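Engineer: Got a structure here, written out as structure tokens. Questions coming.
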Amino acid sequence: GGEGGVWRSDKNEIYYLTNPNRNQSPVALRSYLVALGMEPCAQALDALCKYTELTYDKSVSAVQVNLHLDGNSCHTQHHDIYSIAQRESAGRDCSCSFKDNVATCCFSLGSSRRVLLHAAAGGNLEANGGAKNKCSAECAGCWRKPWLNSGDLMYFNDVWNRAWTHGIPKHDIEGDGPIGPR
């Protein structure tokens with residue numbers, strides 16, 4: 001957008017940080033951060049990519065930074081885009097790379113938020129640790145809502161991604177207390 005590499009998603013009430021041309025490669029985002037004089041942020045990005053590659057023996061092909069400014073932001077339930085075949089379901093605000101991918105690694109930095117995980121109808125029992133799947137469209141199915149605290153990492157592969165949806169709901173201050181730490 002006109003403001004550079006920060007894009008507001010009306011659908012999800014969050015902001016995405018990418019290279020201004022929406023190129024999600026780690027090199028593109030790093031170059032953009034350096035051009036802005038944000039060398040410490042570029043080094044942090046490098047460290048997260050290196051950690052991911054060493055821990056999971058995979059190369060990082062895309063980076064998307066979701067900025068949740070407060071507890072009112074959310075990211076609706078979705079499956080991640082793992083190939084060009086999913087382009088039609090991606091939506092207007094998608095800045096996906098549309099390369100064939102095998103996994104997603106999500107880091108939570110700065111604050112604690114819950115992630116909502118829902119088993120998809122017809123999901124794979126093996127992928128979700130034997131948990132019960134949705135048996136029909138009317139069934140609420142299996143769901144979990146664990147915390148992602150600052151410094152936590154959530155990793156999932158393409159099999160899990162097909163069997164589950166994930167999202168960040170608005171923060172429930174009455175149920176979960178104040179948001180934080182920052």
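Each chain in the structure tokens gets a letter, A, B, ..., in the order shown, and its residues are numbered from 1; ligands are numbered from 1 in order too.
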Go through segment 151-173 of chain A residue by residue and, counting only C-alpha atoms, keep those with an atom at most 12 Å from segment 38-58 of chain A; for each kept residue give the shortest atom pair and its distance in Å to one decimal, ordered by chain and increasing number, as CSV.
Structural biologist:
residue,atom,partner,partner_atom,distance
A:Gly151,CA,A:Leu48,CA,10.7
A:Asp152,CA,A:Leu48,CA,11.7
A:Leu153,CA,A:Thr52,CA,9.6
A:Met154,CA,A:Thr52,CA,10.9
A:Tyr155,CA,A:Tyr56,CA,9.1
A:Phe156,CA,A:Tyr56,CA,10.6
A:Asn157,CA,A:Tyr56,CA,10.6
Engineer: Write out as a VMD selection string each polymer residue whose atoms come within 10 Å of segment 68-72 of chain A, counting only C-alpha atoms; drop sequence neighbours fewer than 5 positions from it.
Structural biologist: chain A and resid 13 to 16 110 to 113 168 to 173 178 to 180
Engineer: Restricting the output to all heavy atoms, write the selected residues as a compact mmCIF listing (two decimals), in the first residue's frame.
Structural biologist:
# COMPACT_ATOMS: atom_id res chain seq x y z
N GLU A 13 -8.92 -8.04 10.52
CA GLU A 13 -8.64 -7.02 11.52
C GLU A 13 -7.22 -7.10 12.05
O GLU A 13 -6.98 -6.89 13.23
CB GLU A 13 -9.65 -7.09 12.67
CG GLU A 13 -11.08 -6.88 12.22
CD GLU A 13 -12.07 -6.95 13.35
OE1 GLU A 13 -11.75 -6.49 14.45
OE2 GLU A 13 -13.16 -7.48 13.14
N ILE A 14 -6.29 -7.45 11.19
CA ILE A 14 -4.88 -7.45 11.56
C ILE A 14 -4.09 -6.78 10.45
O ILE A 14 -4.63 -6.45 9.39
CB ILE A 14 -4.32 -8.88 11.79
CG1 ILE A 14 -4.39 -9.73 10.52
CG2 ILE A 14 -5.00 -9.56 12.95
CD1 ILE A 14 -3.68 -11.06 10.64
N TYR A 15 -2.81 -6.58 10.71
CA TYR A 15 -1.91 -6.02 9.72
C TYR A 15 -0.88 -7.08 9.35
O TYR A 15 -0.47 -7.88 10.19
CB TYR A 15 -1.20 -4.78 10.27
CG TYR A 15 -2.13 -3.63 10.51
CD1 TYR A 15 -2.83 -3.52 11.71
CD2 TYR A 15 -2.31 -2.65 9.53
CE1 TYR A 15 -3.70 -2.46 11.92
CE2 TYR A 15 -3.17 -1.59 9.75
CZ TYR A 15 -3.86 -1.50 10.94
OH TYR A 15 -4.72 -0.46 11.15
N TYR A 16 -0.46 -7.08 8.09
CA TYR A 16 0.58 -7.98 7.61
C TYR A 16 1.80 -7.13 7.26
O TYR A 16 1.67 -6.08 6.67
CB TYR A 16 0.15 -8.73 6.34
CG TYR A 16 -1.11 -9.52 6.48
CD1 TYR A 16 -2.29 -9.11 5.88
CD2 TYR A 16 -1.13 -10.70 7.21
CE1 TYR A 16 -3.45 -9.84 6.00
CE2 TYR A 16 -2.28 -11.44 7.33
CZ TYR A 16 -3.44 -11.01 6.73
OH TYR A 16 -4.60 -11.74 6.85
N GLY A 110 6.20 -11.27 21.79
CA GLY A 110 5.76 -10.04 22.44
C GLY A 110 4.53 -10.14 23.28
O GLY A 110 4.37 -9.40 24.22
N SER A 111 3.62 -11.03 22.99
CA SER A 111 2.39 -11.11 23.75
C SER A 111 1.86 -12.54 23.71
O SER A 111 2.29 -13.35 22.90
CB SER A 111 1.34 -10.17 23.15
OG SER A 111 0.19 -10.14 23.94
N SER A 112 0.94 -12.82 24.59
CA SER A 112 0.29 -14.14 24.63
C SER A 112 -1.08 -14.03 24.00
O SER A 112 -1.85 -13.13 24.32
CB SER A 112 0.15 -14.62 26.07
OG SER A 112 1.41 -14.75 26.67
N ARG A 113 -1.39 -14.95 23.09
CA ARG A 113 -2.71 -15.03 22.48
C ARG A 113 -3.08 -16.50 22.37
O ARG A 113 -2.23 -17.37 22.32
CB ARG A 113 -2.70 -14.43 21.07
CG ARG A 113 -2.55 -12.93 20.97
CD ARG A 113 -3.73 -12.15 21.53
NE ARG A 113 -4.96 -12.31 20.80
CZ ARG A 113 -5.38 -11.51 19.83
NH1 ARG A 113 -4.65 -10.47 19.48
NH2 ARG A 113 -6.53 -11.73 19.22
N ILE A 168 -6.55 -17.02 15.00
CA ILE A 168 -6.37 -16.30 16.26
C ILE A 168 -7.67 -15.56 16.54
O ILE A 168 -8.00 -14.59 15.84
CB ILE A 168 -5.19 -15.30 16.18
CG1 ILE A 168 -3.89 -15.99 15.79
CG2 ILE A 168 -5.07 -14.51 17.48
CD1 ILE A 168 -3.32 -16.92 16.85
N PRO A 169 -8.45 -16.00 17.54
CA PRO A 169 -9.71 -15.31 17.85
C PRO A 169 -9.44 -14.00 18.60
O PRO A 169 -8.35 -13.80 19.14
CB PRO A 169 -10.45 -16.31 18.73
CG PRO A 169 -9.38 -17.11 19.39
CD PRO A 169 -8.23 -17.17 18.41
N LYS A 170 -10.45 -13.14 18.63
CA LYS A 170 -10.33 -11.95 19.47
C LYS A 170 -10.11 -12.40 20.90
O LYS A 170 -10.60 -13.45 21.32
CB LYS A 170 -11.59 -11.10 19.37
CG LYS A 170 -11.72 -10.42 18.03
CD LYS A 170 -12.89 -9.47 17.99
CE LYS A 170 -12.93 -8.80 16.63
NZ LYS A 170 -13.93 -7.74 16.57
N HIS A 171 -9.36 -11.63 21.66
CA HIS A 171 -9.03 -11.99 23.03
C HIS A 171 -10.27 -11.90 23.92
O HIS A 171 -11.00 -10.91 23.88
CB HIS A 171 -7.92 -11.08 23.57
CG HIS A 171 -7.51 -11.40 24.96
ND1 HIS A 171 -6.82 -12.56 25.26
CD2 HIS A 171 -7.70 -10.75 26.13
CE1 HIS A 171 -6.58 -12.58 26.56
NE2 HIS A 171 -7.12 -11.51 27.11
N ASP A 172 -10.50 -12.94 24.72
CA ASP A 172 -11.63 -12.99 25.66
C ASP A 172 -11.13 -12.52 27.01
O ASP A 172 -10.63 -13.31 27.81
CB ASP A 172 -12.17 -14.42 25.72
CG ASP A 172 -13.31 -14.59 26.70
OD1 ASP A 172 -13.77 -13.58 27.29
OD2 ASP A 172 -13.75 -15.74 26.89
N ILE A 173 -11.24 -11.22 27.28
CA ILE A 173 -10.71 -10.67 28.53
C ILE A 173 -11.44 -11.22 29.75
O ILE A 173 -10.82 -11.42 30.79
CB ILE A 173 -10.71 -9.12 28.50
CG1 ILE A 173 -9.80 -8.59 29.60
CG2 ILE A 173 -12.11 -8.55 28.61
CD1 ILE A 173 -9.31 -7.19 29.39
N PRO A 178 -6.40 -10.16 31.42
CA PRO A 178 -5.73 -9.15 30.57
C PRO A 178 -4.76 -9.80 29.58
O PRO A 178 -4.17 -10.84 29.85
CB PRO A 178 -4.97 -8.27 31.56
CG PRO A 178 -5.57 -8.56 32.90
CD PRO A 178 -6.14 -9.95 32.83
N ILE A 179 -4.63 -9.17 28.44
CA ILE A 179 -3.71 -9.66 27.42
C ILE A 179 -2.28 -9.28 27.82
O ILE A 179 -2.06 -8.27 28.47
CB ILE A 179 -4.09 -9.09 26.04
CG1 ILE A 179 -3.40 -9.89 24.93
CG2 ILE A 179 -3.80 -7.63 25.93
CD1 ILE A 179 -3.97 -9.60 23.56
N GLY A 180 -1.33 -10.09 27.44
CA GLY A 180 0.07 -9.77 27.74
C GLY A 180 0.87 -11.03 27.86
O GLY A 180 0.40 -12.11 27.58
Engineer: Atom CA of Ala119 of chain A and atom CA of Cys142 of chain A are how many Å apart?
Structural biologist: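 Going from atom CA of Ala119 of chain A over to atom CA of Cys142 of chain A covers 5.4 Å.
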Engineer: Provide the atom CA of Val159 of chain A to atom CA of Lys145 of chain A distance in Å, to one decimal place.
Structural biologist: 19.8 Å
Engineer: Looking at A:Asn149, A:Ser61, A:Thr18, A:Thr76, which one is nearest to Phe107 of chain A, with distances taken over only C-alpha atoms?
Structural biologist: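 Going through A:Asn149, A:Ser61, A:Thr18, A:Thr76 one by one, the smallest distance to Phe107 of chain A is for A:Asn149.
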Engineer: Pick out the closest residue to Val27 of chain A from this set: A:Leu109, A:Ala62, A:Val6, A:Val115. Count only C-alpha atoms.
Structural biologist: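 Answer, going by the shortest atom-to-atom distance: A:Ala62.
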Engineer: Write out as a count of residues only which residues come within 6 Å of Arg114 of chain A when counting only C-alpha atoms, dropping same-chain ones fewer than 2 positions away.
Structural biologist: 3
